[in-house]
Amino acid sequence: MAKSQTSGVIGAGSLGNGIAQVGAQAGYHVILFDNSQEQLTRATGTIQKSLGKLAEKGKLKDTADNVGKLIKTTTRLEELKPCDFVIEAASENRQIKFKLVQDLDALLNKGVVIATNTSSISITEIASKTKRAELVAGMHFMNPVPIMTLVEGIRGLQTSDECFKTVREVSENMGKVFIEAKDAPGFAVNRILMPMINEAFFALQEGLATPKDIDQAMKLGCGFPMGPLELADFVGVDICLAVCEVLHRDLGDSKYRPCPLMRKYVEAGWHGRKSGRGVYVY
């Protein structure tokens, strides 16, 4: 996809606004969609603040204002009609994603790739909800997107070579390192990461150590930049639970069962940083 072309991003949460930002930094015209105008307003503020910091450090090729002008926001899905490439970054919910890709399939021009930022759901199943399964692929960004350099690419069963090549090229144009993982529950990153976070919740539930000490143990003992409970709060405890549920259901192994304490946190609305309370209070 040429840099002069337009990319769409679905969802203005922390991942979506980060994807929109790195797309604009790469020179793409970006249309950022969300159902909530309030969420779009927050996303715009977050992007402007992030671009300003990068400009101060001399890490932008253009001014923050010029990069920001490449991003248009909308609450009307039909405004994505002109897009040449679309990245779905909505909530990690099967039915929401299925409905979105169905709507995009009906809306977008023939030949447009739909990339999904799902962190655990089958790409093949998502693609099956469209009439362009060969043009659907996984494009899993890491959070915070402007800082983390990895994109995990996943082929569905019917993903074409040309589609996957496009996803790789867009990722690399955005300055990301691209790896390929199989279309299996959790792919590569979350197949390893989420069981660790889940086990940290079991350790907390069993009183093995305080939250702070669990995180310190992994940071100082294993060299992790962030402890697993801190990371759960950063990612979103609700998202961690959703991924653990996919691993447990689709792999059928009891070792992936979500920790009851994690589920209780989600039931209480303790989703982490975004809600002001998770394992820690913000």
# chains A, B, ... in the order shown; residues from 1 in each chain; ligands from 1

call {"tool": "select_by_dssp", "arguments": {"residues": "region 18-130 of chain A", "states": "helix (DSSP H, G or I)", "output": "NGL selection string"}}
result
:A and (18-25 or 37-56 or 64-68 or 77-80 or 94-107 or 123-128)

call {"tool": "select_by_dssp", "arguments": {"residues": "region 33-224 of chain A", "states": "strand (DSSP E or B)", "output": "number ranges by chain"}}
result
A: 33, 71-74, 85-88, 113-116, 136-141, 150-155, 177-181

call {"tool": "closest_residue", "arguments": {"among": "A:Thr46, A:Pro82, A:Leu241, A:Lys69", "to": "Thr6 (chain A)", "atoms": "only C-alpha atoms"}}
result
A:Pro82

call {"tool": "residues_around", "arguments": {"residues": "region 250-255 of chain A", "least_positions_apart": "5", "cutoff": "12 Å", "atoms": "only C-alpha atoms", "output": "PyMOL selection string"}}
result
chain A and resi 120-122+183-187+191+194-196+198-199+202+243-245

call {"tool": "closest_residue", "arguments": {"among": "A:Thr130, A:Thr44, A:Thr149, A:Ser14", "to": "Gln102 (chain A)", "atoms": "only C-alpha atoms"}}
result
A:Thr130

call {"tool": "closest_residue", "arguments": {"among": "A:Pro146, A:Gly111, A:Gly138, A:Gly45", "to": "Gly18 (chain A)", "atoms": "only C-alpha atoms"}}
result
A:Pro146

call {"tool": "residues_around", "arguments": {"residues": "Ile47 (chain A)", "least_positions_apart": "6", "cutoff": "8 Å", "atoms": "only C-alpha atoms", "output": "PDB file with C-alpha atoms, in the first residue's frame"}}
result
ATOM      1  CA  ASN A  17      -5.208   5.308  18.936  1.00  0.00           C
ATOM      2  CA  GLY A  18      -1.641   4.020  19.010  1.00  0.00           C
ATOM      3  CA  GLN A  21      -0.635   7.438  15.453  1.00  0.00           C
ATOM      4  CA  GLY A  68      -1.788  14.884  13.601  1.00  0.00           C
TER       5      GLY A  68
END

call {"tool": "residues_around", "arguments": {"residues": "His140 (chain A)", "least_positions_apart": "3", "cutoff": "10 Å", "atoms": "only C-alpha atoms", "output": "list in words"}}
result
Leu15, Ile87, Glu88, Ala89, Ala115, Thr116, Asn117, Thr118, Ser119, Ser120, Ala137, Asn143, Leu150, Val151, Glu152, Gly153, Ile154, Ser171, Phe178, Ile179, Phe187 and Val189 of chain A
